[in-house]
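**Student:** The following file, coords34.txt, comprises compact mmCIF, C-alpha atoms:
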# COMPACT_ATOMS: atom_id res chain seq x y z
CA MET I 28 -33.25 15.61 -26.88
CA ALA I 29 -31.30 16.46 -30.06
CA THR I 30 -29.03 13.91 -31.63
CA THR I 31 -25.55 15.44 -31.64
CA LEU I 32 -23.61 14.71 -34.79
CA THR I 33 -20.41 16.36 -33.56
CA GLU I 34 -18.32 14.55 -30.98
CA THR I 35 -18.18 15.78 -27.39
CA PHE I 36 -15.92 14.14 -24.84
CA THR I 37 -17.45 14.52 -21.41
CA GLN I 38 -14.87 12.24 -19.78
CA PRO I 39 -11.52 13.17 -21.33
CA GLY I 40 -9.63 10.56 -19.34
CA SER I 41 -11.94 7.65 -20.04
CA ALA I 42 -11.76 4.62 -22.26
CA GLY I 43 -14.82 5.95 -24.05
CA ALA I 44 -13.00 9.14 -24.97
CA VAL I 45 -10.05 7.14 -26.35
CA LEU I 46 -12.47 5.06 -28.41
CA ALA I 47 -14.13 8.23 -29.73
CA VAL I 48 -10.79 9.36 -31.15
CA LEU I 49 -10.29 6.02 -32.90
CA ARG I 50 -13.77 5.91 -34.41
CA ASP I 51 -12.66 8.02 -37.37
CA GLY I 52 -11.13 4.82 -38.79
CA ARG I 53 -7.47 5.85 -38.53
CA ALA I 54 -5.02 3.58 -36.75
CA ARG I 55 -2.93 5.32 -34.11
CA THR I 56 -0.10 4.54 -31.72
CA ARG I 57 -0.32 4.93 -27.96
CA SER I 58 1.93 7.99 -28.26
CA GLU I 59 -0.41 9.61 -30.78
CA LEU I 60 -3.40 8.89 -28.56
CA ALA I 61 -1.62 10.40 -25.57
CA THR I 62 -1.01 13.58 -27.58
CA LEU I 63 -4.61 13.77 -28.82
CA THR I 64 -6.25 13.09 -25.45
CA GLY I 65 -3.75 14.74 -23.11
CA LEU I 66 -3.43 11.50 -21.12
CA SER I 67 -0.18 9.97 -19.93
CA ARG I 68 1.14 7.02 -21.92
CA ALA I 69 0.56 4.76 -18.91
CA THR I 70 -3.10 5.79 -18.76
CA VAL I 71 -3.51 5.35 -22.53
CA ARG I 72 -2.04 1.85 -22.20
CA GLN I 73 -4.63 1.02 -19.51
CA ARG I 74 -7.48 2.38 -21.61
CA ILE I 75 -6.33 0.49 -24.71
CA ASP I 76 -6.07 -2.73 -22.70
CA THR I 77 -9.63 -2.22 -21.49
CA LEU I 78 -10.90 -1.62 -25.04
CA LEU I 79 -8.95 -4.60 -26.37
CA ALA I 80 -10.57 -6.81 -23.73
CA ARG I 81 -13.99 -5.67 -24.94
CA GLN I 82 -12.90 -6.11 -28.59
CA LEU I 83 -13.81 -2.50 -29.36
CA VAL I 84 -10.30 -1.88 -30.67
CA THR I 85 -7.91 -4.20 -32.40
CA PRO I 86 -4.17 -4.22 -33.12
CA ALA I 87 -3.46 -2.64 -36.50
CA GLY I 88 0.17 -3.47 -37.13
CA ASP I 89 3.21 -1.33 -36.49
CA ALA I 90 3.82 2.27 -37.40
CA ALA I 91 6.97 3.32 -39.25
CA SER I 92 9.98 3.22 -36.98
CA THR I 93 11.85 6.40 -36.16
CA GLY I 94 14.64 4.36 -34.59
CA GLY I 95 14.32 1.31 -32.41
CA ARG I 96 11.33 -0.99 -32.20
CA PRO I 97 8.34 0.15 -34.33
CA PRO I 98 5.42 1.29 -32.14
CA SER I 99 2.19 -0.71 -32.25
CA GLN I 100 -0.93 0.84 -33.73
CA PHE I 101 -4.55 0.33 -32.71
CA ALA I 102 -7.79 0.88 -34.58
CA PHE I 103 -11.51 0.83 -33.91
CA ASN I 104 -13.04 -2.62 -34.46
CA PRO I 105 -16.47 -2.18 -36.12
CA SER I 106 -16.98 -5.96 -35.97
CA ALA I 107 -17.31 -5.89 -32.17
CA GLY I 108 -21.10 -5.90 -32.43
CA LEU I 109 -24.09 -5.74 -34.74
CA VAL I 110 -26.93 -3.24 -35.00
CA LEU I 111 -30.32 -3.59 -36.68
CA GLY I 112 -31.74 -0.67 -38.64
CA ALA I 113 -35.45 -0.69 -39.56
CA ASP I 114 -37.00 1.68 -42.10
CA ILE I 115 -40.76 1.22 -41.73
CA GLY I 116 -42.82 3.11 -44.29
CA ALA I 117 -46.53 3.24 -45.01
CA THR I 118 -46.38 0.43 -47.56
CA HIS I 119 -42.84 -0.94 -47.33
CA ALA I 120 -40.31 -2.08 -44.76
CA LEU I 121 -36.56 -2.53 -45.06
CA LEU I 122 -34.38 -4.12 -42.39
CA ALA I 123 -30.60 -4.13 -42.40
CA VAL I 124 -27.95 -5.47 -40.06
CA THR I 125 -24.87 -3.24 -39.89
CA ASP I 126 -21.55 -3.32 -38.11
CA LEU I 127 -20.55 -0.55 -35.69
CA ALA I 128 -19.37 1.63 -38.59
CA GLY I 129 -22.79 1.58 -40.24
CA GLN I 130 -21.76 -0.81 -43.01
CA VAL I 131 -24.74 -2.85 -44.24
CA LEU I 132 -24.01 -6.57 -43.90
CA ALA I 133 -27.40 -8.14 -44.64
CA GLU I 134 -30.86 -6.86 -45.48
CA GLU I 135 -34.46 -7.92 -46.00
CA GLN I 136 -37.44 -6.01 -47.36
CA ARG I 137 -41.15 -6.57 -47.83
CA THR I 138 -44.35 -4.75 -48.72
CA HIS I 139 -46.85 -4.29 -45.92
CA ASP I 140 -49.51 -1.94 -44.58
CA ILE I 141 -48.61 0.19 -41.58
CA ALA I 142 -52.33 0.16 -40.72
CA ASP I 143 -51.99 -3.52 -39.78
CA GLY I 144 -51.00 -2.12 -36.39
CA PRO I 145 -47.98 -2.22 -34.09
CA GLU I 146 -48.27 -5.81 -32.92
CA ALA I 147 -48.18 -7.25 -36.44
CA VAL I 148 -45.50 -4.92 -37.79
CA LEU I 149 -43.17 -5.05 -34.79
CA SER I 150 -43.48 -8.82 -34.40
CA TRP I 151 -42.24 -9.14 -37.98
CA VAL I 152 -39.35 -6.77 -37.18
CA VAL I 153 -38.38 -8.83 -34.11
CA ASP I 154 -38.58 -12.21 -35.87
CA SER I 155 -36.91 -11.09 -39.09
CA GLY I 156 -34.32 -8.97 -37.30
CA ARG I 157 -33.21 -11.88 -35.14
CA ARG I 158 -33.02 -14.18 -38.17
CA LEU I 159 -31.09 -11.58 -40.18
CA ALA I 160 -28.56 -11.07 -37.38
CA ASP I 161 -28.07 -14.83 -37.06
CA SER I 162 -27.40 -15.01 -40.80
CA VAL I 163 -24.47 -12.62 -40.32
CA SER I 164 -23.04 -14.37 -37.28
CA ALA I 165 -24.11 -17.52 -35.46
CA GLU I 166 -22.90 -15.82 -32.28
CA ALA I 167 -24.51 -12.50 -33.13
CA ASN I 168 -23.95 -9.75 -30.56
CA LEU I 169 -26.94 -7.56 -31.44
CA LEU I 170 -26.38 -4.39 -29.42
CA GLY I 171 -29.48 -2.50 -30.42
CA VAL I 172 -32.19 -1.69 -32.93
CA GLY I 173 -33.01 1.68 -34.47
CA MET I 174 -36.30 2.35 -36.24
CA GLY I 175 -37.87 5.02 -38.40
CA LEU I 176 -41.68 5.24 -38.47
CA PRO I 177 -43.88 7.31 -40.83
CA GLY I 178 -45.39 9.68 -38.29
CA PRO I 179 -44.61 12.10 -35.45
CA ILE I 180 -42.60 10.46 -32.67
CA GLU I 181 -41.89 11.57 -29.12
CA HIS I 182 -38.19 10.84 -29.37
CA SER I 183 -37.54 10.54 -25.62
CA THR I 184 -40.06 7.67 -25.32
CA GLY I 185 -40.22 6.37 -28.89
CA ARG I 186 -44.02 6.57 -28.82
CA PRO I 187 -45.96 7.73 -31.92
CA ILE I 188 -48.03 10.89 -31.34
CA SER I 189 -51.39 10.93 -33.16
CA PRO I 190 -49.86 9.58 -36.40
CA PRO I 191 -52.34 10.29 -39.23
CA ILE I 192 -51.67 7.16 -41.31
CA MET I 193 -50.92 4.74 -38.46
CA PRO I 194 -54.21 3.62 -36.83
CA GLY I 195 -53.62 1.79 -33.57
CA TRP I 196 -50.11 3.18 -33.09
CA ASP I 197 -50.86 6.30 -31.04
CA GLY I 198 -48.92 6.11 -27.76
CA TYR I 199 -47.78 2.53 -28.37
CA ASP I 200 -44.65 1.45 -26.47
CA VAL I 201 -42.52 0.67 -29.53
CA ILE I 202 -39.26 0.68 -27.56
CA GLY I 203 -40.63 -1.74 -24.99
CA HIS I 204 -41.73 -4.16 -27.70
CA LEU I 205 -38.31 -4.06 -29.37
CA THR I 206 -36.24 -4.37 -26.19
CA ASP I 207 -38.39 -7.20 -24.85
CA GLY I 208 -38.03 -9.23 -28.02
CA LEU I 209 -34.83 -8.27 -29.77
CA ALA I 210 -32.06 -6.11 -28.27
CA PRO I 211 -31.13 -4.26 -25.07
CA VAL I 212 -31.19 -0.81 -26.73
CA ALA I 213 -33.89 0.60 -29.01
CA VAL I 214 -34.18 4.08 -30.50
CA VAL I 215 -37.18 5.29 -32.54
CA ASP I 216 -37.72 8.44 -34.60
CA ASN I 217 -39.69 9.78 -37.53
CA ASP I 218 -38.66 8.06 -40.76
CA VAL I 219 -37.50 11.22 -42.55
CA ASN I 220 -35.41 12.34 -39.58
CA VAL I 221 -33.74 8.95 -39.68
CA MET I 222 -33.12 9.27 -43.43
CA ALA I 223 -31.54 12.68 -42.87
CA LEU I 224 -29.15 11.10 -40.35
CA GLY I 225 -28.32 8.29 -42.78
CA GLU I 226 -27.66 10.68 -45.65
CA HIS I 227 -25.54 12.94 -43.46
CA PHE I 228 -23.53 9.97 -42.18
CA THR I 229 -23.05 8.50 -45.67
CA ALA I 230 -22.14 11.53 -47.75
CA TRP I 231 -22.22 14.85 -45.88
CA SER I 232 -20.56 14.39 -42.50
CA ASP I 233 -18.61 17.62 -43.01
CA VAL I 234 -21.80 19.67 -43.57
CA ASP I 235 -23.54 21.30 -40.59
CA HIS I 236 -26.67 22.55 -42.42
CA LEU I 237 -28.61 20.01 -44.48
CA VAL I 238 -32.25 19.38 -45.39
CA TYR I 239 -33.26 15.90 -46.54
CA VAL I 240 -36.54 15.74 -48.47
CA LYS I 241 -38.34 12.45 -48.95
CA VAL I 242 -40.74 12.41 -51.89
CA GLY I 243 -42.81 9.25 -51.92
CA THR I 244 -46.42 8.53 -51.04
CA GLY I 245 -46.08 11.53 -48.74
CA ILE I 246 -43.57 14.37 -48.56
CA GLY I 247 -41.49 15.20 -45.51
CA SER I 248 -38.11 16.52 -44.53
CA GLY I 249 -35.42 16.03 -41.92
CA ILE I 250 -33.52 19.12 -40.81
CA ILE I 251 -29.91 19.18 -39.65
CA SER I 252 -28.83 22.59 -38.41
CA ASP I 253 -25.59 23.46 -36.62
CA GLY I 254 -24.70 19.77 -36.85
CA GLU I 255 -27.80 18.60 -34.94
CA LEU I 256 -31.09 17.04 -35.95
CA ARG I 257 -33.99 19.41 -35.25
CA ARG I 258 -37.23 17.71 -34.22
CA GLY I 259 -39.31 20.61 -32.93
CA ALA I 260 -41.46 20.83 -29.81
CA GLN I 261 -43.68 17.82 -30.60
CA GLY I 262 -41.44 16.03 -33.09
CA ALA I 263 -43.31 17.52 -36.05
CA ALA I 264 -40.55 19.71 -37.51
CA GLY I 265 -40.00 19.30 -41.24
CA ASP I 266 -43.55 18.26 -42.21
CA LEU I 267 -43.34 19.83 -45.68
CA GLY I 268 -46.15 17.71 -47.07
CA HIS I 269 -48.78 19.76 -45.25
CA VAL I 270 -47.49 23.20 -46.17
CA ALA I 271 -50.03 24.98 -48.37
CA VAL I 272 -49.27 25.51 -52.07
CA PRO I 273 -51.10 28.72 -53.11
CA HIS I 274 -52.22 27.60 -56.58
CA ALA I 275 -53.68 24.30 -55.31
CA VAL I 276 -56.48 25.53 -53.06
CA ASP I 277 -58.92 22.83 -54.23
CA ALA I 278 -56.63 19.81 -53.80
CA LEU I 279 -57.98 17.70 -50.94
CA CYS I 280 -55.30 16.20 -48.69
CA ARG I 281 -55.65 13.07 -46.56
CA CYS I 282 -54.98 15.27 -43.50
CA GLY I 283 -58.36 16.94 -44.07
CA ASN I 284 -57.03 20.26 -45.33
CA THR I 285 -56.89 21.47 -48.91
CA GLY I 286 -53.95 22.76 -50.91
CA CYS I 287 -51.24 20.72 -49.14
CA LEU I 288 -48.02 20.05 -51.03
CA GLU I 289 -48.53 16.30 -50.64
CA ALA I 290 -51.93 16.57 -52.31
CA VAL I 291 -50.38 18.03 -55.48
CA ALA I 292 -46.85 16.61 -55.60
CA GLY I 293 -46.87 13.41 -53.53
CA GLY I 294 -46.72 10.01 -55.19
CA GLY I 295 -50.46 9.41 -54.98
CA ALA I 296 -51.27 12.79 -56.55
CA VAL I 297 -48.79 12.31 -59.39
CA VAL I 298 -50.09 8.81 -60.14
CA ALA I 299 -53.70 10.07 -60.15
CA ARG I 300 -52.79 12.88 -62.55
CA LEU I 301 -51.22 10.39 -64.95
CA ARG I 302 -54.22 8.07 -64.82
CA ASP I 303 -56.41 11.03 -65.72
CA LYS I 304 -54.25 11.33 -68.84
CA GLY I 305 -54.88 7.67 -69.69
CA ILE I 306 -51.49 6.39 -68.53
CA ASP I 307 -51.48 3.04 -66.70
CA ALA I 308 -49.72 4.02 -63.47
CA HIS I 309 -50.67 2.86 -59.97
CA THR I 310 -47.56 3.13 -57.77
CA SER I 311 -44.37 5.12 -57.41
CA THR I 312 -42.55 2.10 -58.86
CA ASP I 313 -44.66 2.48 -62.02
CA LEU I 314 -43.64 6.14 -62.22
CA VAL I 315 -39.97 5.29 -62.02
CA ALA I 316 -40.29 2.65 -64.76
CA LEU I 317 -42.27 4.96 -67.05
CA SER I 318 -39.85 7.82 -66.50
CA LYS I 319 -36.84 5.68 -67.30
CA GLY I 320 -38.73 4.38 -70.34
CA GLY I 321 -38.86 7.92 -71.72
CA SER I 322 -42.57 8.72 -71.28
CA VAL I 323 -42.96 12.40 -72.15
CA GLU I 324 -46.15 12.77 -70.10
CA VAL I 325 -44.48 11.28 -67.01
CA VAL I 326 -41.43 13.52 -67.41
CA HIS I 327 -43.70 16.58 -67.70
CA VAL I 328 -45.74 15.67 -64.59
CA LEU I 329 -42.61 14.94 -62.54
CA ARG I 330 -41.10 18.27 -63.58
CA GLU I 331 -44.29 20.04 -62.47
CA ALA I 332 -44.23 18.19 -59.15
CA GLY I 333 -40.63 19.32 -58.71
CA ARG I 334 -41.66 22.93 -59.26
CA ASP I 335 -44.40 22.62 -56.63
CA ILE I 336 -41.89 21.19 -54.16
CA GLY I 337 -39.46 23.94 -55.11
CA GLU I 338 -42.02 26.60 -54.14
CA VAL I 339 -42.10 25.28 -50.59
CA LEU I 340 -38.36 24.66 -50.44
CA ALA I 341 -37.63 28.23 -51.53
CA THR I 342 -39.19 29.32 -48.23
CA VAL I 343 -37.17 26.68 -46.36
CA VAL I 344 -33.98 28.03 -47.94
CA SER I 345 -34.84 31.56 -46.82
CA MET I 346 -35.64 30.38 -43.28
CA LEU I 347 -32.86 27.86 -42.66
CA ASN I 348 -30.12 28.71 -45.19
CA PRO I 349 -28.94 25.08 -45.67
CA SER I 350 -25.75 24.23 -47.53
CA VAL I 351 -27.26 21.09 -49.06
CA ILE I 352 -30.76 19.93 -49.97
CA VAL I 353 -30.95 16.20 -50.64
CA LEU I 354 -33.90 14.65 -52.50
CA GLY I 355 -34.70 11.03 -51.71
CA GLY I 356 -37.67 8.70 -51.74
CA ALA I 357 -39.44 6.77 -54.47
CA LEU I 358 -40.23 9.70 -56.78
CA ALA I 359 -36.70 11.08 -56.54
CA ALA I 360 -35.51 7.73 -57.93
CA ALA I 361 -37.24 8.57 -61.22
CA GLY I 362 -34.20 10.50 -62.40
CA GLU I 363 -33.31 14.15 -62.84
CA HIS I 364 -36.76 15.41 -63.83
CA LEU I 365 -38.11 16.01 -60.32
CA LEU I 366 -34.76 17.43 -59.23
CA ALA I 367 -34.67 19.79 -62.20
CA GLY I 368 -38.07 21.23 -61.30
CA VAL I 369 -36.97 21.80 -57.71
CA ARG I 370 -33.76 23.52 -58.75
CA GLU I 371 -35.55 25.70 -61.27
CA VAL I 372 -37.84 27.27 -58.68
CA VAL I 373 -35.50 27.36 -55.66
CA TYR I 374 -32.72 29.14 -57.52
CA ARG I 375 -35.21 31.58 -59.08
CA ARG I 376 -37.20 32.38 -55.93
CA SER I 377 -34.55 32.39 -53.18
CA LEU I 378 -32.15 35.24 -52.51
CA PRO I 379 -28.71 34.98 -54.13
CA LEU I 380 -26.97 35.08 -50.75
CA ALA I 381 -28.84 31.96 -49.62
CA THR I 382 -28.25 30.06 -52.86
CA GLN I 383 -24.68 31.19 -53.53
CA HIS I 384 -23.21 27.88 -52.37
CA LEU I 385 -26.40 25.81 -52.10
CA ARG I 386 -26.30 22.32 -53.59
CA ILE I 387 -29.53 20.50 -54.48
CA VAL I 388 -28.61 16.86 -55.07
CA PRO I 389 -30.07 13.35 -55.27
CA SER I 390 -29.61 11.00 -52.34
CA ALA I 391 -26.24 9.24 -52.16
CA ALA I 392 -27.49 6.63 -49.69
CA GLY I 393 -30.58 5.86 -51.80
CA ARG I 394 -32.95 3.30 -50.34
CA HIS I 395 -30.47 2.56 -47.53
CA ALA I 396 -30.69 6.08 -46.05
CA GLY I 397 -33.32 5.04 -43.52
CA VAL I 398 -31.71 1.83 -42.29
CA ILE I 399 -28.27 3.43 -42.06
CA GLY I 400 -29.68 6.39 -40.15
CA ALA I 401 -31.56 4.05 -37.81
CA ALA I 402 -28.37 2.10 -37.17
CA VAL I 403 -26.42 5.32 -36.60
CA MET I 404 -28.86 6.38 -33.87
CA VAL I 405 -28.02 3.18 -31.99
CA ILE I 406 -24.29 3.32 -32.70
CA GLU I 407 -24.02 6.87 -31.38
CA ARG I 408 -25.82 5.81 -28.23
CA VAL I 409 -23.96 2.57 -27.43
CA LEU I 410 -20.53 3.99 -28.35
CA ALA I 411 -20.94 7.38 -26.68
CA PRO I 412 -18.09 7.86 -24.19
CA ASP I 413 -20.31 7.64 -21.12
CA ALA I 414 -22.06 4.52 -22.45
CA VAL I 415 -18.72 2.81 -23.15
CA ASP I 416 -17.46 3.67 -19.69
CA ARG I 417 -20.60 2.72 -17.78
CA PRO I 418 -19.87 -1.02 -17.48
CA LEU I 419 -16.15 -0.47 -16.95
CA VAL I 420 -14.17 -0.05 -13.76
CA LEU I 421 -11.41 2.35 -14.66
CA ASP I 422 -8.21 2.97 -12.78
Please rewrite the model in this file as structure tokens.
**Tutor:**
Amino acid sequence: MATTLTETFTQPGSAGAVLAVLRDGRARTRSELATLTGLSRATVRQRIDTLLARQLVTPAGDAASTGGRPPSQFAFNPSAGLVLGADIGATHALLAVTDLAGQVLAEEQRTHDIADGPEAVLSWVVDSGRRLADSVSAEANLLGVGMGLPGPIEHSTGRPISPPIMPGWDGYDVIGHLTDGLAPVAVVDNDVNVMALGEHFTAWSDVDHLVYVKVGTGIGSGIISDGELRRGAQGAAGDLGHVAVPHAVDALCRCGNTGCLEAVAGGGAVVARLRDKGIDAHTSTDLVALSKGGSVEVVHVLREAGRDIGEVLATVVSMLNPSVIVLGGALAAAGEHLLAGVREVVYRRSLPLATQHLRIVPSAAGRHAGVIGAAVMVIERVLAPDAVDRPLVLD
């Protein structure tokens, strides 16, 4: 099921629909809400009272008077609950507690190995997530947890599907583990899909066609088209890292094939190339430090990696015609060099019509893209109009 980024009100007379109007952050009067929803003022009053009782909206002062008593205004209350976002990578993990507007309130990160298996990794998420939520509020109302994992995910069940770098995870009930130990709602998706949602939410909510590219140990992308995240038939859409690069036929990839983009432009490949040149680099963090230190060899290798990525993205531009391509991940944090290589090839190889208004930009959300996107998955679920209305008895 696609995650809809545009609002749809299936119950126009419900409290959930009134809340959906207020979630844009603007305070409104009952009269304004009646105009926007088509409800009577009496019905709007009932719906607002219901939402006030659940603390999902809050009084926001008085509007300017047009004669007589100033009308009261009401606004969405993002402090009504907490959400945990978990960005679980191959070698790192970042947790963040957010409010219901996706604002990060507390975070914790660590290095780990995804190959340690689901029990070890998810137990840490449960224990640390509970502790992190308690640090924000002693009476924490943790409504749900969203998680990004570095492999194909069956989104409807949250189960990994034959993930190549996640031994022991295939078919594991991730959602069951999280709901049993942490929160009543859990949503799981591929990590790059989640980053695409976080980037879209943070900086590009007005854009309907966006491709987010993560360049780290591996390379992948999240695709937003017509305002919706596209996962593909088996959740494998956007797997750029295993698209063949024609000039790299001898590069052996960890997937077993040769010539994959990841094998020539992923973090491991770039680090190996630098070590062959006698440069002491072992991780993506080393690359970032060396790049910012002005190493000419590192700048050259990053630019070449950007060109390789650009070759694949030129095809993506022709196929999908995005308005924005966002580069994130550890290697993208090394500065403009990778980005410059991507731009050079994409703008040269793609048709002018497709690139006329195309922007190729660094991530605005940075390392928080994944945790914000994971939180947004939960927020959209628990604050969807039908979910808000489900526990309510409306007049």
**Student:** Just to confirm, what's the straight-line distance from atom CA of Gly208 of chain I to atom CA of Arg394 of chain I in Å (one decimal)?
**Tutor:**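 Interatomic distance, atom CA of Gly208 of chain I to atom CA of Arg394 of chain I: 26.1 Å.
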**Student:** Give me the residues within 7 Å of segment 281-296 of chain I as a CSV table (one decimal) with C-alpha atoms, keeping the file's coordinate frame, counting all atoms listed in the file and dropping any in the same chain fewer than 2 places off.
**Tutor:**
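selection_10.csv, written as the output of this step:
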chain,number,residue,atom,x,y,z
I,242,VAL,CA,-40.7,12.4,-51.9
I,243,GLY,CA,-42.8,9.2,-51.9
I,244,THR,CA,-46.4,8.5,-51.0
I,245,GLY,CA,-46.1,11.5,-48.7
I,246,ILE,CA,-43.6,14.4,-48.6
I,268,GLY,CA,-46.2,17.7,-47.1
I,269,HIS,CA,-48.8,19.8,-45.2
I,270,VAL,CA,-47.5,23.2,-46.2
I,271,ALA,CA,-50.0,25.0,-48.4
I,272,VAL,CA,-49.3,25.5,-52.1
I,273,PRO,CA,-51.1,28.7,-53.1
I,275,ALA,CA,-53.7,24.3,-55.3
I,276,VAL,CA,-56.5,25.5,-53.1
I,277,ASP,CA,-58.9,22.8,-54.2
I,278,ALA,CA,-56.6,19.8,-53.8
I,279,LEU,CA,-58.0,17.7,-50.9
I,298,VAL,CA,-50.1,8.8,-60.1
I,299,ALA,CA,-53.7,10.1,-60.2
I,300,ARG,CA,-52.8,12.9,-62.6
I,311,SER,CA,-44.4,5.1,-57.4
I,332,ALA,CA,-44.2,18.2,-59.2
I,335,ASP,CA,-44.4,22.6,-56.6
I,336,ILE,CA,-41.9,21.2,-54.2
I,358,LEU,CA,-40.2,9.7,-56.8
**Student:** At most 12 Å from (-43.4, 15.0, -69.8), file frame, all atoms listed in the file: which residues, as a list in words?
**Tutor:** Leu301, Lys304, Ile306, Leu314, Leu317, Ser318, Lys319, Gly320, Gly321, Ser322, Val323, Glu324, Val325, Val326, His327, Val328, Leu329, Arg330, Glu331, Ala332, His364, Leu365 and Gly368 of chain I
**Student:** Closest to Val398 of chain I among I:Thr206, I:Asn168, I:Gln130, I:Ser150, using all atoms listed in the file?
**Tutor:**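 Closest residue, counting all atoms listed in the file: I:Gln130.
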**Student:** What is the atom CA of Val240 of chain I to atom CA of Ala381 of chain I distance in Å?
**Tutor:**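 Taking atom CA of Val240 of chain I and atom CA of Ala381 of chain I, their separation equals 18.0 Å.
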**Student:** May I ask which of the residues I:Ser345, I:Ser67, I:Thr310, I:Gln261 is the closest one to Ser183 of chain I, counting only C-alpha atoms?
**Tutor:**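 With only C-alpha atoms as the atom set, the closest residue is I:Gln261.
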**Student:** Between atom CA of Leu224 of chain I and atom CA of Ile250 of chain I, what is the distance, to one decimal in Å?
**Tutor:**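 Distance between the two atoms: 9.1 Å.
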**Student:** Need the shell around segment 117-129 of chain I: protein/DNA/RNA residues with any atom at most 7 Å away, counting only C-alpha atoms. Skip same-chain ones fewer than 2 positions apart. Format as a ChimeraX atom specification?
**Tutor:** /I:105-106,108-115,131-141,159-160,177,398-399,402-403,406
**Student:** Determine the nearest neighbour of His182 of chain I from the options I:Arg370, I:His236, I:Arg257, I:His204, counting only C-alpha atoms.
**Tutor:**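 Nearest to His182 of chain I: I:Arg257.
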**Student:** Would you mind listing what lies within 12 Å of Ile75 of chain I as a ChimeraX atom specification, with all atoms listed in the file counted and same-chain residues fewer than 2 positions away left out?
**Tutor:** /I:40-46,48-49,55-58,60-61,66,68-73,77-86,99-103,421
**Student:** Given only C-alpha atoms as the basis, pick out the residue of I:Ala147, I:Ala411, I:Val163, I:Val373 nearest to Thr342 of chain I.
**Tutor:**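 For Thr342 of chain I, the nearest of the candidates is I:Val373.
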**Student:** Which residues are close to Leu149 of chain I, i.e. within 8 Å by all atoms listed in the file, leaving aside same-chain residues fewer than 2 positions away? Reply as a PDB file with C-alpha atoms, in the coordinates of the input.
**Tutor:**
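And here's part32.pdb as it stands now:
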ATOM      1  CA  PRO I 145     -47.980  -2.220 -34.090  1.00  0.00           C
ATOM      2  CA  GLU I 146     -48.270  -5.810 -32.920  1.00  0.00           C
ATOM      3  CA  ALA I 147     -48.180  -7.250 -36.440  1.00  0.00           C
ATOM      4  CA  TRP I 151     -42.240  -9.140 -37.980  1.00  0.00           C
ATOM      5  CA  VAL I 152     -39.350  -6.770 -37.180  1.00  0.00           C
ATOM      6  CA  VAL I 153     -38.380  -8.830 -34.110  1.00  0.00           C
ATOM      7  CA  VAL I 201     -42.520   0.670 -29.530  1.00  0.00           C
ATOM      8  CA  HIS I 204     -41.730  -4.160 -27.700  1.00  0.00           C
ATOM      9  CA  LEU I 205     -38.310  -4.060 -29.370  1.00  0.00           C
TER      10      LEU I 205
END
**Student:** With all atoms listed in the file as the basis for distance, which of I:Val221, I:Ala47, I:Leu354, I:Ala308 is at the shortest distance from Leu63 of chain I?
**Tutor:**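 Distance minimum relative to Leu63 of chain I lands on I:Ala47.
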**Student:** So which one's closest to Leu267 of chain I, I:Ser248, I:Ser390, I:Thr312, I:Ser155? Using all atoms listed in the file, please.
**Tutor:**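 So, comparing all the options, the nearest one is I:Ser248.
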**Student:** Need to verify the contact set: Ile387 of chain I, 10 Å, all atoms listed in the file, exclusion of same-chain residues closer than 2 positions in sequence. Can you return it as an MDAnalysis selection string?
**Tutor:** chainID I and resid 238:239 349:354 366:367 369:370 373:374 382 384:385 389:390
